[in-house]
Each structure stands twice: as structure tokens, then as C-alpha cells.
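Peer 1: Got input-v4.cif for you, mmCIF, N, CA and C atoms:
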data_target
loop_
_atom_site.label_atom_id
_atom_site.label_comp_id
_atom_site.auth_asym_id
_atom_site.auth_seq_id
_atom_site.Cartn_x
_atom_site.Cartn_y
_atom_site.Cartn_z
N MET A 1 82.57 146.28 78.29
CA MET A 1 82.47 144.85 78.10
C MET A 1 82.15 144.19 79.43
N SER A 2 81.19 143.33 79.46
CA SER A 2 80.75 142.66 80.69
C SER A 2 81.59 141.43 80.95
N VAL A 3 81.88 141.18 82.24
CA VAL A 3 82.61 139.97 82.60
C VAL A 3 81.68 138.93 83.19
N HIS A 4 80.40 139.24 83.24
CA HIS A 4 79.43 138.30 83.79
C HIS A 4 79.03 137.28 82.72
N PRO A 5 78.74 136.05 83.15
CA PRO A 5 78.32 135.04 82.17
C PRO A 5 77.09 135.50 81.40
N ARG A 6 77.07 135.16 80.16
CA ARG A 6 75.95 135.49 79.29
C ARG A 6 74.72 134.71 79.75
N THR A 7 73.59 135.36 79.73
CA THR A 7 72.34 134.67 80.04
C THR A 7 71.43 134.75 78.84
N SER A 8 70.51 133.85 78.79
CA SER A 8 69.54 133.84 77.70
C SER A 8 68.18 133.50 78.29
N PRO A 9 67.12 133.67 77.52
CA PRO A 9 65.81 133.30 78.03
C PRO A 9 65.73 131.84 78.45
N ALA A 10 66.64 131.00 77.95
CA ALA A 10 66.63 129.58 78.30
C ALA A 10 67.30 129.30 79.64
N ASP A 11 68.02 130.31 80.20
CA ASP A 11 68.69 130.11 81.48
C ASP A 11 67.67 130.03 82.60
N PRO A 12 67.84 129.06 83.53
CA PRO A 12 66.88 128.93 84.63
C PRO A 12 67.03 130.05 85.65
N ALA A 13 66.00 130.23 86.43
CA ALA A 13 66.04 131.23 87.50
C ALA A 13 66.98 130.75 88.60
N PRO A 14 67.60 131.68 89.36
CA PRO A 14 68.47 131.27 90.47
C PRO A 14 67.72 130.36 91.44
N GLY A 15 68.40 129.31 91.90
CA GLY A 15 67.79 128.37 92.84
C GLY A 15 66.99 127.26 92.19
N ASP A 16 66.82 127.32 90.88
CA ASP A 16 66.08 126.28 90.15
C ASP A 16 66.96 125.02 90.09
N THR A 17 66.44 123.87 90.51
CA THR A 17 67.22 122.64 90.53
C THR A 17 67.05 121.81 89.27
N ARG A 18 66.22 122.24 88.36
CA ARG A 18 66.05 121.52 87.10
C ARG A 18 67.24 121.82 86.18
N PRO A 19 67.59 120.86 85.31
CA PRO A 19 68.69 121.13 84.38
C PRO A 19 68.30 122.25 83.43
N PRO A 20 69.29 123.03 82.99
CA PRO A 20 68.99 124.11 82.04
C PRO A 20 68.49 123.57 80.71
N ASP A 21 67.79 124.42 80.01
CA ASP A 21 67.32 124.11 78.66
C ASP A 21 68.52 123.89 77.74
N ARG A 22 68.33 123.13 76.69
CA ARG A 22 69.42 122.86 75.73
C ARG A 22 70.02 124.13 75.16
N ALA A 23 69.21 125.19 75.04
CA ALA A 23 69.69 126.44 74.46
C ALA A 23 70.39 127.34 75.48
N ALA A 24 70.48 126.92 76.73
CA ALA A 24 71.12 127.74 77.76
C ALA A 24 72.61 127.88 77.47
N SER A 25 73.20 128.91 78.03
CA SER A 25 74.63 129.16 77.84
C SER A 25 75.46 128.06 78.50
N PHE A 26 76.70 127.90 78.02
CA PHE A 26 77.60 126.92 78.63
C PHE A 26 77.84 127.28 80.09
N ALA A 27 77.96 128.56 80.41
CA ALA A 27 78.17 128.98 81.80
C ALA A 27 77.02 128.51 82.69
N THR A 28 75.82 128.58 82.19
CA THR A 28 74.65 128.12 82.96
C THR A 28 74.70 126.61 83.14
N LYS A 29 75.06 125.89 82.09
CA LYS A 29 75.17 124.44 82.19
C LYS A 29 76.30 124.04 83.14
N MET A 30 77.38 124.79 83.12
CA MET A 30 78.50 124.52 84.03
C MET A 30 78.07 124.76 85.48
N ALA A 31 77.30 125.80 85.71
CA ALA A 31 76.79 126.07 87.06
C ALA A 31 75.90 124.93 87.53
N PHE A 32 75.07 124.41 86.64
CA PHE A 32 74.23 123.26 86.99
C PHE A 32 75.11 122.06 87.31
N TYR A 33 76.13 121.80 86.47
CA TYR A 33 77.03 120.67 86.70
C TYR A 33 77.67 120.78 88.09
N ARG A 34 78.17 121.97 88.42
CA ARG A 34 78.78 122.17 89.75
C ARG A 34 77.77 121.90 90.86
N SER A 35 76.50 122.28 90.65
CA SER A 35 75.48 122.09 91.69
C SER A 35 75.18 120.62 91.93
N GLN A 36 75.55 119.77 90.98
CA GLN A 36 75.32 118.33 91.10
C GLN A 36 76.55 117.58 91.62
N HIS A 37 77.62 118.33 91.95
CA HIS A 37 78.90 117.75 92.37
C HIS A 37 79.44 118.57 93.55
N THR A 38 78.79 118.48 94.69
CA THR A 38 79.15 119.37 95.80
C THR A 38 79.95 118.71 96.93
N SER A 39 79.88 117.39 97.07
CA SER A 39 80.56 116.75 98.20
C SER A 39 82.00 116.35 97.84
N ARG A 40 82.81 116.20 98.85
CA ARG A 40 84.19 115.75 98.61
C ARG A 40 84.20 114.36 97.98
N GLY A 41 83.27 113.51 98.41
CA GLY A 41 83.22 112.16 97.87
C GLY A 41 82.99 112.14 96.37
N ILE A 42 82.04 112.94 95.89
CA ILE A 42 81.77 112.97 94.45
C ILE A 42 82.94 113.59 93.71
N ARG A 43 83.55 114.59 94.30
CA ARG A 43 84.69 115.24 93.65
C ARG A 43 85.86 114.27 93.55
N LEU A 44 86.06 113.46 94.57
CA LEU A 44 87.15 112.49 94.55
C LEU A 44 86.88 111.39 93.52
N THR A 45 85.65 110.88 93.48
CA THR A 45 85.35 109.83 92.49
C THR A 45 85.51 110.35 91.06
N HIS A 46 85.18 111.61 90.84
CA HIS A 46 85.33 112.19 89.51
C HIS A 46 86.78 112.56 89.22
N LEU A 47 87.53 112.94 90.24
CA LEU A 47 88.95 113.25 90.06
C LEU A 47 89.70 112.03 89.52
N VAL A 48 89.28 110.85 89.93
CA VAL A 48 89.87 109.60 89.45
C VAL A 48 89.14 109.08 88.20
N GLY A 49 87.82 109.13 88.22
CA GLY A 49 87.02 108.54 87.14
C GLY A 49 87.11 109.24 85.81
N ILE A 50 87.15 110.57 85.80
CA ILE A 50 87.18 111.30 84.53
C ILE A 50 88.46 111.00 83.74
N PRO A 51 89.66 111.10 84.35
CA PRO A 51 90.83 110.74 83.56
C PRO A 51 90.88 109.24 83.24
N GLY A 52 90.28 108.43 84.10
CA GLY A 52 90.20 107.00 83.80
C GLY A 52 89.46 106.73 82.51
N VAL A 53 88.35 107.43 82.32
CA VAL A 53 87.59 107.30 81.07
C VAL A 53 88.44 107.79 79.90
N ALA A 54 89.07 108.96 80.05
CA ALA A 54 89.86 109.53 78.96
C ALA A 54 91.02 108.61 78.57
N PHE A 55 91.73 108.08 79.55
CA PHE A 55 92.87 107.21 79.25
C PHE A 55 92.44 105.86 78.71
N SER A 56 91.23 105.44 79.03
CA SER A 56 90.77 104.14 78.56
C SER A 56 90.42 104.14 77.07
N LEU A 57 90.05 105.30 76.53
CA LEU A 57 89.59 105.34 75.14
C LEU A 57 90.62 104.83 74.13
N PRO A 58 91.88 105.28 74.17
CA PRO A 58 92.84 104.70 73.22
C PRO A 58 93.13 103.23 73.52
N LEU A 59 93.02 102.86 74.78
CA LEU A 59 93.26 101.46 75.14
C LEU A 59 92.19 100.52 74.58
N VAL A 60 90.98 101.04 74.41
CA VAL A 60 89.91 100.21 73.85
C VAL A 60 90.33 99.69 72.48
N ALA A 61 91.00 100.55 71.70
CA ALA A 61 91.46 100.13 70.37
C ALA A 61 92.75 99.30 70.45
N ALA A 62 93.68 99.73 71.30
CA ALA A 62 94.99 99.07 71.35
C ALA A 62 94.98 97.77 72.15
N ARG A 63 94.30 97.78 73.26
CA ARG A 63 94.23 96.60 74.14
C ARG A 63 92.81 96.51 74.67
N PRO A 64 91.90 95.99 73.86
CA PRO A 64 90.47 96.01 74.20
C PRO A 64 90.12 95.49 75.59
N ARG A 65 90.70 94.40 76.01
CA ARG A 65 90.36 93.87 77.33
C ARG A 65 90.65 94.86 78.44
N VAL A 66 91.83 95.44 78.38
CA VAL A 66 92.24 96.42 79.39
C VAL A 66 91.42 97.70 79.25
N GLY A 67 91.27 98.18 78.02
CA GLY A 67 90.56 99.43 77.78
C GLY A 67 89.10 99.38 78.20
N VAL A 68 88.41 98.32 77.82
CA VAL A 68 86.99 98.19 78.17
C VAL A 68 86.82 98.07 79.68
N ALA A 69 87.70 97.29 80.31
CA ALA A 69 87.62 97.14 81.77
C ALA A 69 87.86 98.48 82.48
N MET A 70 88.86 99.22 82.01
CA MET A 70 89.16 100.52 82.62
C MET A 70 88.01 101.51 82.39
N PHE A 71 87.47 101.51 81.19
CA PHE A 71 86.35 102.38 80.85
C PHE A 71 85.16 102.09 81.78
N ALA A 72 84.80 100.82 81.88
CA ALA A 72 83.65 100.43 82.71
C ALA A 72 83.90 100.74 84.19
N ALA A 73 85.09 100.47 84.68
CA ALA A 73 85.40 100.73 86.08
C ALA A 73 85.37 102.23 86.38
N SER A 74 85.88 103.03 85.46
CA SER A 74 85.90 104.49 85.67
C SER A 74 84.49 105.06 85.70
N TRP A 75 83.63 104.60 84.79
CA TRP A 75 82.23 105.04 84.80
C TRP A 75 81.52 104.54 86.05
N ALA A 76 81.77 103.30 86.42
CA ALA A 76 81.12 102.73 87.61
C ALA A 76 81.50 103.54 88.86
N LEU A 77 82.75 103.94 88.96
CA LEU A 77 83.20 104.75 90.09
C LEU A 77 82.43 106.06 90.16
N GLN A 78 82.26 106.71 89.02
CA GLN A 78 81.54 107.99 89.00
C GLN A 78 80.05 107.82 89.32
N VAL A 79 79.44 106.80 88.75
CA VAL A 79 78.02 106.55 89.02
C VAL A 79 77.82 106.21 90.49
N ALA A 80 78.74 105.40 91.05
CA ALA A 80 78.66 105.07 92.48
C ALA A 80 78.79 106.33 93.32
N GLY A 81 79.63 107.25 92.89
CA GLY A 81 79.77 108.52 93.61
C GLY A 81 78.46 109.28 93.66
N HIS A 82 77.74 109.29 92.55
CA HIS A 82 76.44 109.97 92.54
C HIS A 82 75.46 109.28 93.48
N ALA A 83 75.46 107.97 93.46
CA ALA A 83 74.53 107.21 94.30
C ALA A 83 74.86 107.36 95.78
N LEU A 84 76.14 107.30 96.12
CA LEU A 84 76.56 107.31 97.52
C LEU A 84 76.65 108.71 98.15
N PHE A 85 77.14 109.68 97.37
CA PHE A 85 77.44 110.98 97.96
C PHE A 85 76.46 112.09 97.61
N GLU A 86 75.96 112.10 96.40
CA GLU A 86 75.08 113.19 95.97
C GLU A 86 73.62 112.79 95.91
N HIS A 87 73.35 111.50 95.78
CA HIS A 87 71.97 110.99 95.68
C HIS A 87 71.24 111.64 94.50
N ASN A 88 71.95 111.69 93.36
CA ASN A 88 71.34 112.22 92.14
C ASN A 88 71.85 111.43 90.94
N ARG A 89 71.26 111.70 89.81
CA ARG A 89 71.69 111.06 88.57
C ARG A 89 72.86 111.83 87.97
N PRO A 90 73.77 111.15 87.29
CA PRO A 90 74.85 111.87 86.62
C PRO A 90 74.30 112.89 85.62
N ALA A 91 74.93 114.04 85.55
CA ALA A 91 74.50 115.11 84.63
C ALA A 91 74.53 114.63 83.18
N LEU A 92 75.38 113.66 82.89
CA LEU A 92 75.49 113.12 81.54
C LEU A 92 74.14 112.67 81.00
N THR A 93 73.25 112.23 81.86
CA THR A 93 71.93 111.76 81.40
C THR A 93 71.08 112.91 80.88
N ARG A 94 71.53 114.14 81.07
CA ARG A 94 70.75 115.31 80.65
C ARG A 94 71.30 115.98 79.39
N GLY A 95 72.36 115.47 78.85
CA GLY A 95 72.95 116.03 77.64
C GLY A 95 74.36 115.51 77.47
N PRO A 96 74.53 114.38 76.80
CA PRO A 96 75.83 113.70 76.78
C PRO A 96 77.02 114.55 76.34
N LEU A 97 76.95 115.23 75.24
CA LEU A 97 78.13 115.97 74.77
C LEU A 97 78.43 117.18 75.65
N THR A 98 77.43 118.00 75.90
CA THR A 98 77.65 119.21 76.69
C THR A 98 78.18 118.87 78.07
N TYR A 99 77.59 117.88 78.72
CA TYR A 99 78.01 117.58 80.09
C TYR A 99 79.31 116.79 80.14
N GLN A 100 79.73 116.17 79.03
CA GLN A 100 81.08 115.61 78.96
C GLN A 100 82.08 116.76 79.02
N LEU A 101 81.80 117.82 78.27
CA LEU A 101 82.68 118.99 78.28
C LEU A 101 82.67 119.66 79.65
N CYS A 102 81.51 119.73 80.28
CA CYS A 102 81.43 120.29 81.64
C CYS A 102 82.27 119.46 82.60
N GLY A 103 82.20 118.13 82.45
CA GLY A 103 82.98 117.25 83.31
C GLY A 103 84.47 117.49 83.17
N LEU A 104 84.94 117.66 81.94
CA LEU A 104 86.36 117.95 81.72
C LEU A 104 86.75 119.29 82.31
N ALA A 105 85.90 120.30 82.13
CA ALA A 105 86.19 121.62 82.70
C ALA A 105 86.20 121.55 84.23
N PHE A 106 85.26 120.81 84.80
CA PHE A 106 85.18 120.64 86.24
C PHE A 106 86.45 119.95 86.76
N TRP A 107 86.89 118.91 86.06
CA TRP A 107 88.10 118.21 86.46
C TRP A 107 89.30 119.16 86.44
N CYS A 108 89.39 119.98 85.40
CA CYS A 108 90.49 120.96 85.31
C CYS A 108 90.43 121.95 86.48
N GLU A 109 89.25 122.40 86.84
CA GLU A 109 89.10 123.29 88.00
C GLU A 109 89.57 122.62 89.27
N GLU A 110 89.19 121.35 89.45
CA GLU A 110 89.58 120.61 90.66
C GLU A 110 91.10 120.43 90.73
N VAL A 111 91.71 120.07 89.62
CA VAL A 111 93.16 119.90 89.60
C VAL A 111 93.85 121.24 89.87
N ALA A 112 93.35 122.32 89.29
CA ALA A 112 93.93 123.65 89.55
C ALA A 112 93.85 124.00 91.03
N GLU A 113 92.74 123.68 91.68
CA GLU A 113 92.60 123.93 93.12
C GLU A 113 93.62 123.12 93.92
N LEU A 114 93.82 121.87 93.54
CA LEU A 114 94.79 121.02 94.23
C LEU A 114 96.21 121.55 94.03
N VAL A 115 96.55 121.92 92.81
CA VAL A 115 97.88 122.44 92.52
C VAL A 115 98.13 123.75 93.26
N ALA A 116 97.08 124.56 93.40
CA ALA A 116 97.20 125.83 94.10
C ALA A 116 97.28 125.65 95.63
N GLY A 117 97.14 124.41 96.09
CA GLY A 117 97.23 124.14 97.52
C GLY A 117 95.96 124.38 98.29
N ARG A 118 94.85 124.52 97.58
CA ARG A 118 93.57 124.77 98.28
C ARG A 118 92.82 123.48 98.60
N GLY A 119 93.36 122.35 98.19
CA GLY A 119 92.74 121.07 98.52
C GLY A 119 91.55 120.74 97.63
N LEU A 120 90.96 119.60 97.92
CA LEU A 120 89.80 119.14 97.17
C LEU A 120 88.60 119.95 97.62
N GLY A 121 87.94 120.60 96.68
CA GLY A 121 86.81 121.45 97.01
C GLY A 121 85.72 120.72 97.76
N ALA A 122 85.05 121.43 98.59
CA ALA A 122 83.92 120.85 99.33
C ALA A 122 82.79 121.86 99.33
N GLY A 123 81.60 121.35 99.25
CA GLY A 123 80.44 122.23 99.22
C GLY A 123 79.45 121.84 100.29
N PRO A 124 78.24 122.37 100.19
CA PRO A 124 77.22 122.12 101.21
C PRO A 124 76.83 120.66 101.35
N GLY A 125 77.06 119.85 100.33
CA GLY A 125 76.71 118.44 100.40
C GLY A 125 77.80 117.59 101.07
N ASP A 126 78.89 118.21 101.48
CA ASP A 126 80.01 117.46 102.06
C ASP A 126 79.67 116.99 103.47
N HIS A 127 79.95 115.73 103.72
CA HIS A 127 79.71 115.16 105.04
C HIS A 127 80.99 114.68 105.70
N GLY A 128 82.11 115.25 105.33
CA GLY A 128 83.35 114.86 105.99
C GLY A 128 84.41 114.55 105.11
#
Mind converting the file's structure to C-alpha cells?

Peer 2:
Amino acid sequence: MSVHPRTSPADPAPGDTRPPDRAASFATKMAFYRSQHTSRGIRLTHLVGIPGVAFSLPLVAARPRVGVAMFAASWALQVAGHALFEHNRPALTRGPLTYQLCGLAFWCEEVAELVAGRGLGAGPGDHG
């Protein structure tokens, strides 16, 4: 049994910066998502923004003013992170449902790293 991520003809070649095809494996899409979130700044904005969006959803129904404001602020924080730190478009624009799931998985990875004492991840796009 292989422990390597499954690949398909739809998976991009290594080093390809284009988003994967819709038929690509989730592992491939997750790798693309990670490649679009490399700096500490983007990781921090998403560490706050992703749960902000999740917590705002029930509030939209229960307390619309608060919920809508929290939802908009959480998304604005994440979009600002892309503009300021990564200089790219949010992955969500390339596949809303799949990349929402990637975002949640990414957030869980980041929290696990923090809990393990390894700090907020940083990649080649990190500037401090």
C-alpha cells in the first residue's frame, strides 16, 4: 500500500504555479493551497479570519447585524492578507467548495503546529 498522495492525469507538473484541474486529487489541491499561503502574515490573517467566518455563520441567523459584520470583517482580513503579504488572489476564486475545505484543513494544520510548540509556520514568502 502506498503512502504517497494519489496523482491523476489532471495533477499539474511539479513547479507549475497554475491551479490544479477540477479533477485533480484533494492532495494536489491542498498542495496548491499551501503554495498560495507561504508568509507568516498570510498565515496569521487566516488563523484569525477562517474561524471568524465559521463563527459568524450562526450569528448571521441569530444576530444578523453582528453576524454579517463579523463575516465581512473576517473575509476582508483574509483578502487583505493576500494583497499585502502574498500578492495573489485567494484560492477560493478557483473553486469555492474545494478550497473552503482546503482552508479548514490548512487552519487545522496551523493550529496543530502552534499546539506542538513549533510556532506559526513560515515559508519562502516570509519577510519577517

Peer 1: With distances taken over all atoms listed in the file, which residue among A:Tyr99, A:Glu113, A:Gly49, A:Ala27 lies nearest A:Ala76?

Peer 2: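 Checking each candidate against A:Ala76, we get A:Gly49 as the closest.
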
Peer 1: Using all atoms listed in the file, which of A:Ala105, A:Met70, A:Leu77, A:Ala116 sits nearest A:His46?

Peer 2: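 Closest residue, counting all atoms listed in the file: A:Leu77.
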
Peer 1: Go through A:Ala72, A:Leu114, A:Gly119, A:Cys102 and flag the residue nearest A:Ala31, using all atoms listed in the file for the distances.

Peer 2: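 Smallest distance to A:Ala31 is found for A:Cys102.
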
Peer 1: Among chain A, which residues carry a DSSP assignment of helix (DSSP H, G or I), reported as number ranges by chain?

Peer 2: A: 26-35, 40-62, 64-86, 91-94, 96-115

Peer 1: Figure out the distance between atom C of A:Gly103 and atom CA of A:Ile50, please, to one decimal in Å.

Peer 2: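 Spanning atom CA of A:Ile50 to atom C of A:Gly103 is a straight-line distance of 6.9 Å.
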
Peer 1: Can you tell me, as a PyMOL selection string, what residues are no more than 8 Å from A:Leu84 when counting all atoms listed in the file, ignoring any on the same chain fewer than 6 positions away?

Peer 2: chain A and resi 41-42+78

Peer 1: For A:Phe32, which residue among A:Val115, A:Leu104, A:Ala91, A:Pro64 is the nearest when counting only C-alpha atoms?

Peer 2: A:Ala91

Peer 1: Within 6.5 Å of (83.8, 105.3, 79.3), in the coordinates the file gives, what residues turn up when you count all atoms listed in the file, written out as a list in words?

Peer 2: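 Checking each residue against the 6.5 Å limit leaves Val53, Ala54, Met70, Phe71, Ala72, Ser74 and Trp75 of chain A.
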
Peer 1: Name the closest residue to A:Pro51 among the candidates A:Ala112, A:Arg118, A:Trp107, A:Asn88; distances are taken between atoms, counting all atoms listed in the file.

Peer 2: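 Closest candidate: A:Trp107.
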
Peer 1: Of the residues A:Arg18, A:Ala61, A:Lys29, A:Ala23, which is the one nearest to A:Leu101, using only C-alpha atoms?

Peer 2: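 With only C-alpha atoms as the atom set, the closest residue is A:Lys29.
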